[in-house]
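To be precise, the following lines are start_35.cif, and they hold mmCIF, C-alpha atoms and all ligand atoms.
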```cif
data_final
#
loop_
_atom_site.label_atom_id
_atom_site.label_comp_id
_atom_site.auth_asym_id
_atom_site.auth_seq_id
_atom_site.Cartn_x
_atom_site.Cartn_y
_atom_site.Cartn_z
CA MET A 23 -28.73 -5.58 -15.72
CA LYS A 24 -26.40 -2.90 -14.35
CA GLN A 25 -24.76 -3.71 -11.01
CA THR A 26 -24.31 -0.92 -8.49
CA VAL A 27 -20.88 -0.88 -6.86
CA LEU A 28 -20.33 1.36 -3.84
CA ILE A 29 -16.92 2.50 -2.66
CA ALA A 30 -17.21 3.74 0.92
CA GLY A 31 -14.15 5.87 1.65
CA LEU A 32 -12.88 7.71 -1.43
CA GLY A 33 -9.25 8.17 -0.41
CA LEU A 34 -6.01 6.83 -1.87
CA ILE A 35 -7.12 3.19 -1.92
CA GLY A 36 -10.85 3.69 -2.58
CA GLY A 37 -10.07 6.20 -5.33
CA SER A 38 -7.47 3.91 -6.93
CA LEU A 39 -9.92 1.00 -6.93
CA ALA A 40 -12.58 3.24 -8.46
CA LEU A 41 -10.19 4.34 -11.21
CA SER A 42 -9.28 0.78 -12.10
CA ILE A 43 -12.83 -0.61 -12.17
CA ARG A 44 -14.79 2.38 -13.48
CA GLU A 45 -14.48 1.36 -17.13
CA THR A 46 -16.08 -2.03 -16.51
CA GLU A 47 -19.23 -2.38 -18.58
CA ASP A 48 -22.59 -2.59 -16.91
CA ILE A 49 -21.69 -1.14 -13.56
CA ARG A 50 -22.88 2.01 -11.87
CA LEU A 51 -20.11 3.16 -9.57
CA ILE A 52 -21.09 5.24 -6.56
CA GLY A 53 -19.03 6.70 -3.73
CA PHE A 54 -19.53 7.63 -0.10
CA ASP A 55 -17.20 9.71 2.09
CA SER A 56 -17.50 12.00 5.09
CA ASN A 57 -15.23 14.51 3.39
CA TYR A 58 -17.23 16.74 1.11
CA SER A 59 -14.29 17.90 -0.99
CA SER A 60 -13.30 14.28 -1.76
CA LEU A 61 -16.85 13.64 -2.96
CA GLU A 62 -16.75 16.75 -5.10
CA TYR A 63 -13.36 15.78 -6.57
CA ALA A 64 -14.60 12.26 -7.35
CA LYS A 65 -17.71 13.57 -9.07
CA MET A 66 -15.94 16.38 -10.96
CA ASN A 67 -13.28 14.01 -12.29
CA LYS A 68 -15.86 11.34 -13.17
CA ILE A 69 -14.13 8.84 -10.89
CA VAL A 70 -17.59 7.69 -9.80
CA ASP A 71 -21.04 8.23 -11.31
CA ASP A 72 -22.72 9.51 -8.13
CA VAL A 73 -21.68 10.50 -4.63
CA TYR A 74 -23.39 10.22 -1.24
CA SER A 75 -22.63 11.73 2.14
CA ASP A 76 -24.94 9.25 3.90
CA PHE A 77 -23.64 5.66 4.15
CA GLY A 78 -27.07 4.10 4.69
CA GLU A 79 -28.59 5.78 1.65
CA ALA A 80 -25.73 4.56 -0.55
CA VAL A 81 -25.24 1.01 0.75
CA VAL A 82 -28.89 -0.05 0.40
CA GLN A 83 -28.61 0.55 -3.37
CA ALA A 84 -25.45 -1.52 -3.80
CA ASP A 85 -24.90 -5.03 -5.17
CA ILE A 86 -21.25 -4.91 -4.15
CA CYS A 87 -19.74 -2.58 -1.54
CA ILE A 88 -16.03 -1.95 -0.96
CA LEU A 89 -15.29 -0.41 2.43
CA ALA A 90 -12.13 1.67 1.94
CA ALA A 91 -12.01 3.88 5.03
CA PRO A 92 -9.49 3.68 7.92
CA VAL A 93 -9.76 0.35 9.78
CA SER A 94 -11.60 1.77 12.83
CA VAL A 95 -14.12 3.56 10.57
CA THR A 96 -14.62 0.36 8.55
CA VAL A 97 -15.51 -1.45 11.80
CA GLU A 98 -18.07 1.30 12.60
CA LEU A 99 -19.59 1.12 9.12
CA ILE A 100 -20.02 -2.64 9.45
CA HIS A 101 -21.84 -2.14 12.77
CA GLN A 102 -24.13 0.41 11.07
CA LEU A 103 -25.32 -2.30 8.64
CA ASN A 104 -27.38 -3.84 11.45
CA HIS A 105 -29.56 -0.71 11.56
CA LEU A 106 -30.49 -0.98 7.88
CA SER A 107 -32.62 -3.41 5.95
CA PHE A 108 -31.37 -5.24 2.87
CA THR A 109 -33.88 -6.80 0.53
CA ASN A 110 -31.42 -7.83 -2.21
CA PRO A 111 -28.18 -9.83 -2.02
CA LEU A 112 -25.16 -7.66 -1.21
CA ILE A 113 -21.48 -8.63 -1.27
CA ILE A 114 -19.35 -6.53 1.08
CA THR A 115 -15.56 -6.43 1.17
CA ASP A 116 -13.00 -4.08 2.71
CA VAL A 117 -9.39 -3.03 2.09
CA GLY A 118 -8.16 -2.67 5.68
CA SER A 119 -4.53 -3.36 6.57
CA VAL A 120 -5.63 -5.29 9.68
CA LYS A 121 -8.23 -8.02 9.29
CA GLY A 122 -8.99 -9.26 12.86
CA PRO A 123 -11.28 -6.45 14.13
CA ILE A 124 -12.98 -6.11 10.74
CA MET A 125 -13.79 -9.83 10.51
CA GLU A 126 -15.00 -9.78 14.12
CA ALA A 127 -17.42 -6.97 13.25
CA ALA A 128 -18.43 -8.78 10.04
CA ASN A 129 -19.30 -11.91 12.03
CA GLN A 130 -21.92 -9.85 13.84
CA ILE A 131 -23.77 -8.83 10.66
CA LYS A 132 -27.39 -9.93 11.08
CA SER A 133 -28.79 -9.65 7.56
CA GLU A 134 -28.93 -12.98 5.72
CA ASN A 135 -28.65 -11.07 2.46
CA ILE A 136 -25.12 -9.88 3.16
CA ALA A 137 -22.08 -11.93 2.16
CA PHE A 138 -18.83 -10.62 3.64
CA ILE A 139 -15.39 -11.26 2.17
CA GLY A 140 -12.40 -9.57 3.84
CA GLY A 141 -9.88 -7.94 1.52
CA HIS A 142 -6.51 -6.22 1.52
CA PRO A 143 -4.73 -5.00 -1.61
CA MET A 144 -1.06 -5.13 -0.60
CA ALA A 145 0.10 -2.00 -2.33
CA GLY A 146 -0.09 1.64 -1.53
CA SER A 147 2.01 4.69 -1.04
CA HIS A 148 2.98 7.27 1.56
CA LYS A 149 0.36 9.63 0.12
CA LYS A 150 -3.26 9.93 1.14
CA GLY A 151 -6.50 11.17 -0.34
CA ILE A 152 -8.28 10.75 -3.63
CA GLN A 153 -5.97 13.27 -5.37
CA ALA A 154 -3.15 10.72 -5.00
CA ALA A 155 -5.26 7.83 -6.40
CA LYS A 156 -3.79 5.88 -9.32
CA LYS A 157 -5.47 3.51 -11.74
CA ASN A 158 -2.55 1.06 -11.79
CA LEU A 159 -1.67 1.16 -8.08
CA PHE A 160 -2.41 -2.53 -7.57
CA GLU A 161 -0.91 -3.95 -10.75
CA ASN A 162 1.09 -7.10 -9.88
CA ALA A 163 0.39 -6.66 -6.17
CA ILE A 164 -0.96 -9.40 -3.95
CA TYR A 165 -4.65 -8.89 -3.14
CA VAL A 166 -5.55 -10.84 -0.02
CA LEU A 167 -9.12 -12.15 0.24
CA SER A 168 -10.63 -13.77 3.34
CA PRO A 169 -14.02 -15.37 2.64
CA THR A 170 -16.38 -15.99 5.58
CA THR A 171 -19.16 -18.48 6.25
CA SER A 172 -21.61 -15.84 4.95
CA SER A 173 -20.02 -15.88 1.47
CA SER A 174 -20.36 -18.55 -1.21
CA GLU A 175 -17.90 -19.64 -3.89
CA GLU A 176 -20.06 -17.70 -6.37
CA ASP A 177 -19.77 -14.51 -4.26
CA LEU A 178 -16.00 -14.88 -4.25
CA GLU A 179 -15.95 -15.32 -8.03
CA LYS A 180 -18.14 -12.22 -8.46
CA LEU A 181 -15.84 -10.15 -6.31
CA GLN A 182 -12.73 -11.42 -8.09
CA ALA A 183 -14.35 -10.61 -11.44
CA LEU A 184 -15.01 -7.04 -10.27
CA LEU A 185 -11.41 -6.65 -9.08
CA THR A 186 -9.82 -8.21 -12.20
CA PRO A 187 -9.06 -4.80 -13.81
CA THR A 188 -6.73 -4.03 -10.87
CA LYS A 189 -4.38 -6.66 -12.39
CA SER A 190 -3.52 -7.82 -8.88
CA LYS A 191 -2.95 -11.41 -7.78
CA PHE A 192 -5.47 -12.92 -5.40
CA LEU A 193 -4.35 -14.83 -2.35
CA ILE A 194 -6.82 -16.44 0.06
CA LEU A 195 -5.73 -16.14 3.70
CA GLU A 196 -7.19 -16.64 7.16
CA PRO A 197 -7.53 -13.24 8.89
CA ASP A 198 -5.31 -14.16 11.83
CA GLU A 199 -2.59 -15.49 9.55
CA HIS A 200 -2.84 -12.29 7.51
CA ASP A 201 -2.47 -10.09 10.59
CA GLU A 202 0.48 -12.09 11.85
CA MET A 203 2.34 -11.89 8.53
CA THR A 204 1.54 -8.22 7.86
CA SER A 205 2.68 -7.35 11.38
CA VAL A 206 6.08 -8.87 10.50
CA ILE A 207 6.57 -7.50 6.99
CA SER A 208 4.62 -4.24 7.10
CA HIS A 209 3.41 -2.92 10.47
CA PHE A 210 6.49 -3.62 12.60
CA PRO A 211 9.00 -2.36 10.00
CA HIS A 212 6.99 0.85 9.89
CA LEU A 213 7.40 1.29 13.63
CA ILE A 214 11.14 0.67 13.37
CA ALA A 215 11.47 3.13 10.46
CA SER A 216 9.79 5.85 12.53
CA SER A 217 11.97 5.05 15.53
CA LEU A 218 15.16 5.35 13.43
CA VAL A 219 14.04 8.78 12.28
CA HIS A 220 13.48 9.79 15.92
CA GLN A 221 16.93 8.54 16.82
CA ALA A 222 18.52 10.66 14.07
CA ARG A 223 16.51 13.68 15.17
CA LYS A 224 17.71 13.29 18.74
CA TRP A 225 21.36 13.06 17.63
CA GLN A 226 20.96 16.08 15.39
CA THR A 227 20.74 18.36 18.43
CA THR A 228 24.41 17.66 19.15
CA HIS A 229 25.46 16.76 15.57
CA PRO A 230 23.98 19.32 13.16
CA TYR A 231 25.50 17.70 10.04
CA ILE A 232 23.37 14.57 10.47
CA PRO A 233 20.77 15.54 7.79
CA LYS A 234 23.54 16.25 5.27
CA LEU A 235 25.14 12.88 5.96
CA ALA A 236 21.88 10.90 5.80
CA ALA A 237 22.61 9.01 2.60
CA GLY A 238 20.88 6.33 0.52
CA GLY A 239 20.87 3.65 3.22
CA PHE A 240 19.14 5.79 5.83
CA ARG A 241 16.70 7.11 3.26
CA ASP A 242 15.91 3.59 1.96
CA ILE A 243 15.21 2.14 5.38
CA THR A 244 13.14 5.12 6.59
CA ARG A 245 11.11 5.80 3.42
CA ILE A 246 7.93 4.39 4.93
CA ALA A 247 8.19 6.74 7.93
CA SER A 248 6.84 9.45 5.60
CA SER A 249 3.42 7.75 5.38
CA ASN A 250 0.04 8.89 6.66
CA PRO A 251 0.31 9.01 10.52
CA LEU A 252 -3.46 8.78 11.10
CA MET A 253 -3.74 5.60 9.07
CA TRP A 254 -0.73 4.01 10.76
CA ARG A 255 -1.89 5.01 14.23
CA ASP A 256 -5.06 3.09 13.45
CA ILE A 257 -3.11 0.06 12.15
CA PHE A 258 -0.84 -0.06 15.22
CA PHE A 259 -3.83 0.24 17.52
CA GLN A 260 -5.89 -2.41 15.73
CA ASN A 261 -3.01 -4.92 15.54
CA ARG A 262 -1.41 -3.96 18.84
CA SER A 263 -1.16 -7.40 20.44
CA LYS A 264 0.79 -8.85 17.50
CA ILE A 265 2.99 -5.76 17.23
CA SER A 266 3.71 -5.81 20.96
CA ARG A 267 4.87 -9.44 20.70
CA LEU A 268 7.22 -8.51 17.86
CA LEU A 269 8.57 -5.61 19.90
CA ALA A 270 9.43 -7.97 22.74
CA ASP A 271 11.22 -10.30 20.26
CA TRP A 272 13.03 -7.35 18.72
CA ILE A 273 14.24 -6.03 22.09
CA GLU A 274 15.63 -9.50 22.84
CA GLU A 275 17.31 -9.59 19.42
CA MET A 276 18.83 -6.14 20.01
CA MET A 277 20.11 -7.24 23.43
CA HIS A 278 21.78 -10.21 21.75
CA LEU A 279 23.39 -7.89 19.17
CA LYS A 280 24.50 -5.55 21.95
CA THR A 281 26.24 -8.44 23.70
CA LEU A 282 28.06 -9.34 20.47
CA ILE A 283 29.06 -5.72 19.80
CA ASP A 284 30.18 -5.06 23.39
CA ALA A 285 32.27 -8.25 23.37
CA GLY A 286 33.77 -7.41 19.96
CA GLU A 287 32.60 -10.79 18.60
CA LYS A 288 33.79 -10.17 15.04
CA SER A 289 33.08 -13.58 13.58
CA GLN A 290 29.61 -13.89 15.13
CA ILE A 291 28.70 -10.41 13.87
CA GLN A 292 29.91 -11.33 10.39
CA GLU A 293 27.87 -14.53 10.50
CA TYR A 294 24.82 -12.54 11.61
CA LEU A 295 25.24 -10.16 8.67
CA GLU A 296 25.88 -13.00 6.21
CA GLN A 297 22.76 -14.87 7.30
CA ALA A 298 20.69 -11.69 6.94
CA ARG A 299 22.11 -10.98 3.49
CA GLU A 300 21.47 -14.55 2.35
CA TYR A 301 17.82 -14.44 3.44
CA ARG A 302 17.29 -10.92 2.04
CA ASP A 303 18.81 -11.83 -1.35
CA GLY A 304 16.68 -14.97 -1.49
CA LEU A 305 13.47 -12.97 -1.15
CA ASP A 306 12.65 -12.64 -4.80
CA SER A 307 10.06 -10.01 -4.09
CA ARG A 308 8.81 -9.88 -7.65
CA LYS A 309 7.81 -13.52 -7.49
CA GLN A 310 6.76 -14.05 -3.91
CA GLY A 311 6.79 -10.75 -2.04
CA ALA A 312 3.61 -9.58 -0.40
CA ILE A 313 4.42 -6.00 -1.25
CA PRO A 314 5.87 -6.05 -4.75
CA SER A 315 9.13 -4.35 -5.37
CA TYR A 316 9.15 -2.14 -8.38
CA TYR A 317 10.98 -2.85 -11.60
CA ASP A 318 14.08 -0.72 -11.34
CA ILE A 319 16.63 0.66 -13.77
CA TYR A 320 19.86 2.35 -12.75
CA VAL A 321 20.85 5.17 -15.11
CA ASP A 322 24.21 6.94 -15.11
CA ILE A 323 23.83 10.70 -15.42
CA PHE A 324 26.20 13.63 -15.23
CA ASP A 325 25.76 16.47 -12.80
CA GLN A 326 24.64 18.98 -15.40
CA GLN A 327 21.71 21.32 -15.18
CA GLY A 328 18.51 19.63 -16.34
CA ALA A 329 20.10 16.14 -16.55
CA ILE A 330 17.33 14.48 -14.55
CA LEU A 331 14.62 16.40 -16.37
CA LYS A 332 15.99 15.17 -19.72
CA VAL A 333 15.61 11.53 -18.63
CA ILE A 334 12.07 12.14 -17.38
CA GLU A 335 11.06 13.95 -20.57
CA LEU A 336 12.47 11.21 -22.73
CA LEU A 337 10.38 8.55 -20.98
CA ALA A 338 7.29 10.77 -20.87
CA LYS A 339 7.55 11.19 -24.64
CA HIS A 340 7.15 7.43 -24.91
CA ASP A 341 4.20 7.44 -22.48
CA ILE A 342 6.12 5.46 -19.88
CA SER A 343 5.01 6.20 -16.38
CA ILE A 344 7.71 6.32 -13.70
CA LYS A 345 6.63 5.06 -10.29
CA ASN A 346 9.54 6.45 -8.30
CA ILE A 347 12.79 8.32 -8.88
CA GLU A 348 15.72 8.34 -6.55
CA ILE A 349 19.09 10.04 -6.88
CA LEU A 350 21.48 7.51 -5.44
CA GLU A 351 24.66 9.45 -5.72
CA ILE A 352 25.43 12.79 -7.23
CA ARG A 353 28.31 15.04 -6.37
CA GLU A 354 29.39 18.16 -8.15
CA GLY A 355 30.95 17.44 -11.54
CA ILE A 356 30.77 13.68 -11.03
CA THR A 357 28.65 10.98 -12.60
CA GLY A 358 25.60 10.19 -10.55
CA VAL A 359 23.13 7.33 -10.57
CA LEU A 360 19.38 7.61 -10.89
CA ARG A 361 17.19 4.75 -9.77
CA LEU A 362 13.97 4.76 -11.79
CA SER A 363 11.21 2.42 -10.66
CA PHE A 364 8.42 1.15 -12.90
CA GLN A 365 5.21 -0.70 -12.21
CA ASN A 366 5.90 -3.61 -14.56
CA LYS A 367 8.57 -5.40 -16.57
CA ASN A 368 7.26 -4.06 -19.84
CA ASP A 369 7.79 -0.42 -18.79
CA GLN A 370 11.18 -1.33 -17.36
CA GLU A 371 12.39 -2.95 -20.58
CA LEU A 372 10.90 -0.27 -22.81
CA SER A 373 12.63 2.43 -20.75
CA GLN A 374 15.94 0.67 -21.02
CA ALA A 375 15.57 0.48 -24.80
CA VAL A 376 14.60 4.16 -25.06
CA LEU A 377 17.44 5.32 -22.79
CA THR A 378 20.05 3.11 -24.45
CA LYS A 379 19.05 4.52 -27.83
CA SER A 380 19.76 7.98 -26.44
CA ARG A 381 23.20 6.79 -25.30
CA TYR A 382 22.52 6.51 -21.58
CA ASP A 383 24.29 3.74 -19.65
CA THR A 384 21.67 1.69 -17.86
CA VAL A 385 21.69 -1.38 -15.65
CA ILE A 386 18.86 -3.71 -14.64
CA GLU A 387 19.79 -5.80 -11.61
CA GLU A 388 18.43 -9.34 -11.82
N1 LIG A 401 -2.33 3.75 2.12
C1 LIG A 401 -1.89 2.54 1.88
O1 LIG A 401 -0.73 2.37 1.46
C2 LIG A 401 -2.81 1.37 2.09
C3 LIG A 401 -3.95 1.48 2.88
N2 LIG A 401 -4.77 0.40 3.06
C4 LIG A 401 -5.97 0.52 3.86
O2 LIG A 401 -6.88 1.28 3.11
C5 LIG A 401 -7.76 2.02 3.95
C6 LIG A 401 -7.81 3.45 3.47
O3 LIG A 401 -6.52 3.99 3.47
P1 LIG A 401 -6.12 5.16 2.47
O4 LIG A 401 -6.97 5.14 1.28
O5 LIG A 401 -4.65 5.09 2.35
O6 LIG A 401 -6.45 6.43 3.38
P2 LIG A 401 -6.95 7.89 2.91
O7 LIG A 401 -6.75 8.75 4.10
O8 LIG A 401 -6.32 8.25 1.64
O9 LIG A 401 -8.49 7.63 2.66
C7 LIG A 401 -9.42 7.35 3.66
C8 LIG A 401 -10.75 7.93 3.25
O10 LIG A 401 -11.71 7.59 4.24
C9 LIG A 401 -12.49 8.73 4.50
N3 LIG A 401 -13.04 8.67 5.85
C10 LIG A 401 -12.42 8.85 7.03
N4 LIG A 401 -13.28 8.77 8.04
C11 LIG A 401 -14.50 8.55 7.49
C12 LIG A 401 -15.81 8.39 8.03
N5 LIG A 401 -16.03 8.42 9.34
N6 LIG A 401 -16.82 8.14 7.17
C13 LIG A 401 -16.58 8.10 5.82
N7 LIG A 401 -15.38 8.26 5.26
C14 LIG A 401 -14.36 8.47 6.09
C15 LIG A 401 -11.54 9.91 4.34
O11 LIG A 401 -12.25 11.12 4.12
C16 LIG A 401 -10.72 9.47 3.15
O12 LIG A 401 -11.29 9.89 1.94
C17 LIG A 401 -7.22 1.84 5.37
O13 LIG A 401 -8.05 0.92 6.03
C18 LIG A 401 -5.83 1.27 5.18
O14 LIG A 401 -5.49 0.40 6.23
C19 LIG A 401 -4.54 -0.79 2.41
C20 LIG A 401 -3.45 -0.94 1.59
C21 LIG A 401 -2.48 0.11 1.41
O1 LIG A 402 4.72 1.72 0.33
C1 LIG A 402 4.91 0.73 1.04
O2 LIG A 402 6.03 0.20 1.14
C2 LIG A 402 3.83 0.15 1.82
O3 LIG A 402 4.09 -0.41 2.83
C3 LIG A 402 2.43 0.29 1.26
C4 LIG A 402 1.37 -0.39 2.07
C5 LIG A 402 0.87 0.23 3.21
C6 LIG A 402 -0.14 -0.38 3.94
C7 LIG A 402 -0.62 -1.61 3.54
O4 LIG A 402 -1.58 -2.20 4.26
C8 LIG A 402 -0.13 -2.24 2.41
C9 LIG A 402 0.87 -1.61 1.66
#
```
Take the structure in the file and write it out as structure tokens.
Amino acid sequence: MKQTVLIAGLGLIGGSLALSIRETEDIRLIGFDSNYSSLEYAKMNKIVDDVYSDFGEAVVQADICILAAPVSVTVELIHQLNHLSFTNPLIITDVGSVKGPIMEAANQIKSENIAFIGGHPMAGSHKKGIQAAKKNLFENAIYVLSPTTSSSEEDLEKLQALLTPTKSKFLILEPDEHDEMTSVISHFPHLIASSLVHQARKWQTTHPYIPKLAAGGFRDITRIASSNPLMWRDIFFQNRSKISRLLADWIEEMMHLKTLIDAGEKSQIQEYLEQAREYRDGLDSRKQGAIPSYYDIYVDIFDQQGAILKVIELLAKHDISIKNIEILEIREGITGVLRLSFQNKNDQELSQAVLTKSRYDTVIEE
């Protein structure tokens, strides 16, 4: 019998999940969103079979429901469940970047027919909305699952089976442990990235060349500051106690660094940098990182008109999808370097073969 799967919140993450599971046999995929144009887009592009603008009407039909709205909305939707009646078993999961408040709301679900399993696919982008959704967004990413006392082993297996087409890697975590770790490796770095951008903006008033000088390093470390402010506001608010603790630690760490800098402690500063480099280099993010790094290739190009386009066209001809492109260095008349990022090793290796055949110099850093 066909299972009905509801995705509540058809944005970047909900839309990407829909795209990766929609070809599964024997499921009817339905979507709910408060934004009418997202519903229309999802229906027009056959991302889901049917759309609903009323959560209650949609969720009572579902066998599995994925809540993919902002964290605070997800909490509200969970509370709404207590005003509905469920006659058949229903597995509910979510995709929220913070688990604590969502699991707290889930613990208050009254219906015995609902099994709740927290979830968080650890991949995304700075874009938002269903138009930015991608079928392979979660490939190779960690997908955190947090079962509750309301869910059985069989429920967990059913959910994992549904999510298998995402090609992500499941990791079972306690919600609090999840929130602690994501505050360190995702939420807090985001705050710092935004603060660095603010610092540069302040200095620009007296140093107008700052934007021209902002090179690869500044761009690398502040990339995530270009993400969706509404979503991140919600994340900071929902995980504020953990983030505040990290801020206090960070301020202490900065004070320590200031002491070293003010005292001109060369050797201690070098040791600090060496220790950081050692730890950073040891993080083999492809094997153990929560947020996977992409598979990169560095390509030498010459500063000629259309040089970048030629590389892109060459790869497109071979149906290779590029996840990200960055120009690392290009000055007039001089060789530049393009960093191309791919979703998986296969695309990375295929691209290298294609580019080498066309006489490009490429490097893959191990
Ligand atoms: N963007 C990212 O990189 C990642 C986001 N997440 C989590 O995924 C969730 C969704 O984020 P995105 O898809 O990026 O955001 P988005 O802004 O692309 O999508 C959110 C969707 O929720 C809908 N929505 C907002 N309020 C609603 C309401 N009251 N009722 C019904 N629908 C409503 C919006 O119309 C939109 O379609 C968030 O909880 C976020 O923490 C998880 C992993 C990565
Ligand atoms: O693009 C990046 O580096 C991200 O940080 C994506 C991301 C954003 C939010 C999440 O909860 C998980 C992953």
Around ligand LIG 402 (chain A), at most 7 Å away and counting only C-alpha atoms and all ligand atoms, which residues are there? Put them as an MDAnalysis selection string, please.
-> chainID A and resid 118:119 142:148 208 246 313
Contacts to ligand LIG 401 (chain A) at 7 Å cut-off (only C-alpha atoms and all ligand atoms) as a compact mmCIF listing (two decimals) with C-alpha atoms, in the frame of the given file:
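Below is the file that was written, pocket-v4.txt:
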```txt
# COMPACT_ATOMS: atom_id res chain seq x y z
CA ALA A 30 -17.21 3.74 0.92
CA GLY A 31 -14.15 5.87 1.65
CA LEU A 32 -12.88 7.71 -1.43
CA GLY A 33 -9.25 8.17 -0.41
CA LEU A 34 -6.01 6.83 -1.87
CA ILE A 35 -7.12 3.19 -1.92
CA GLY A 36 -10.85 3.69 -2.58
CA PHE A 54 -19.53 7.63 -0.10
CA ASP A 55 -17.20 9.71 2.09
CA SER A 56 -17.50 12.00 5.09
CA ASN A 57 -15.23 14.51 3.39
CA SER A 60 -13.30 14.28 -1.76
CA ALA A 90 -12.13 1.67 1.94
CA ALA A 91 -12.01 3.88 5.03
CA PRO A 92 -9.49 3.68 7.92
CA VAL A 93 -9.76 0.35 9.78
CA VAL A 95 -14.12 3.56 10.57
CA VAL A 117 -9.39 -3.03 2.09
CA GLY A 118 -8.16 -2.67 5.68
CA SER A 119 -4.53 -3.36 6.57
CA VAL A 120 -5.63 -5.29 9.68
CA HIS A 142 -6.51 -6.22 1.52
CA PRO A 143 -4.73 -5.00 -1.61
CA MET A 144 -1.06 -5.13 -0.60
CA ALA A 145 0.10 -2.00 -2.33
CA GLY A 146 -0.09 1.64 -1.53
CA SER A 147 2.01 4.69 -1.04
CA HIS A 148 2.98 7.27 1.56
CA LYS A 149 0.36 9.63 0.12
CA LYS A 150 -3.26 9.93 1.14
CA GLY A 151 -6.50 11.17 -0.34
CA ILE A 152 -8.28 10.75 -3.63
CA MET A 253 -3.74 5.60 9.07
CA ILE A 257 -3.11 0.06 12.15
```
Which is closest to A:Ser217 among A:Ile344, A:Ile243, A:Val82, A:Met66, if we use all atoms listed in the file?
->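 Closest residue, counting all atoms listed in the file: A:Ile243.
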Using all atoms listed in the file, find the one residue out of A:Ile207, A:Leu167, A:Ile52, A:Val321 that sits nearest to A:Ser75.
->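 Closest to A:Ser75, using all atoms listed in the file: A:Ile52.
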Can you list, as number ranges by chain, every protein, DNA or RNA residue that comes within 12 Å of A:Thr46 when you count all atoms listed in the file, leaving out same-chain residues fewer than 6 positions away?
-> A: 24-27, 39-40, 70, 183-188
Could you work out how far atom CA of A:Ile29 lies from atom CA of A:Val73, giving the answer in Å with one decimal?
->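 Pair atom CA of A:Val73 / atom CA of A:Ile29 returns 9.5 Å.
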Counting all atoms listed in the file, what is within 9 Å of A:Ile139, bar same-chain residues fewer than 6 positions away, as a list of chain:residue names?
->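 The residues satisfying every condition are A:Ile113, A:Ile114, A:Thr115, A:Asp116, A:Met125, A:Ala128, A:Leu167, A:Ser168, A:Pro169, A:Thr170, A:Ser172, A:Ser173, A:Asp177, A:Leu178, A:Leu181.
For the choices A:Leu295, A:Ile349, A:Ala64, A:Val81, the atom-to-atom distance to A:Gly238 is smallest for A:Ile349 when using all atoms listed in the file.
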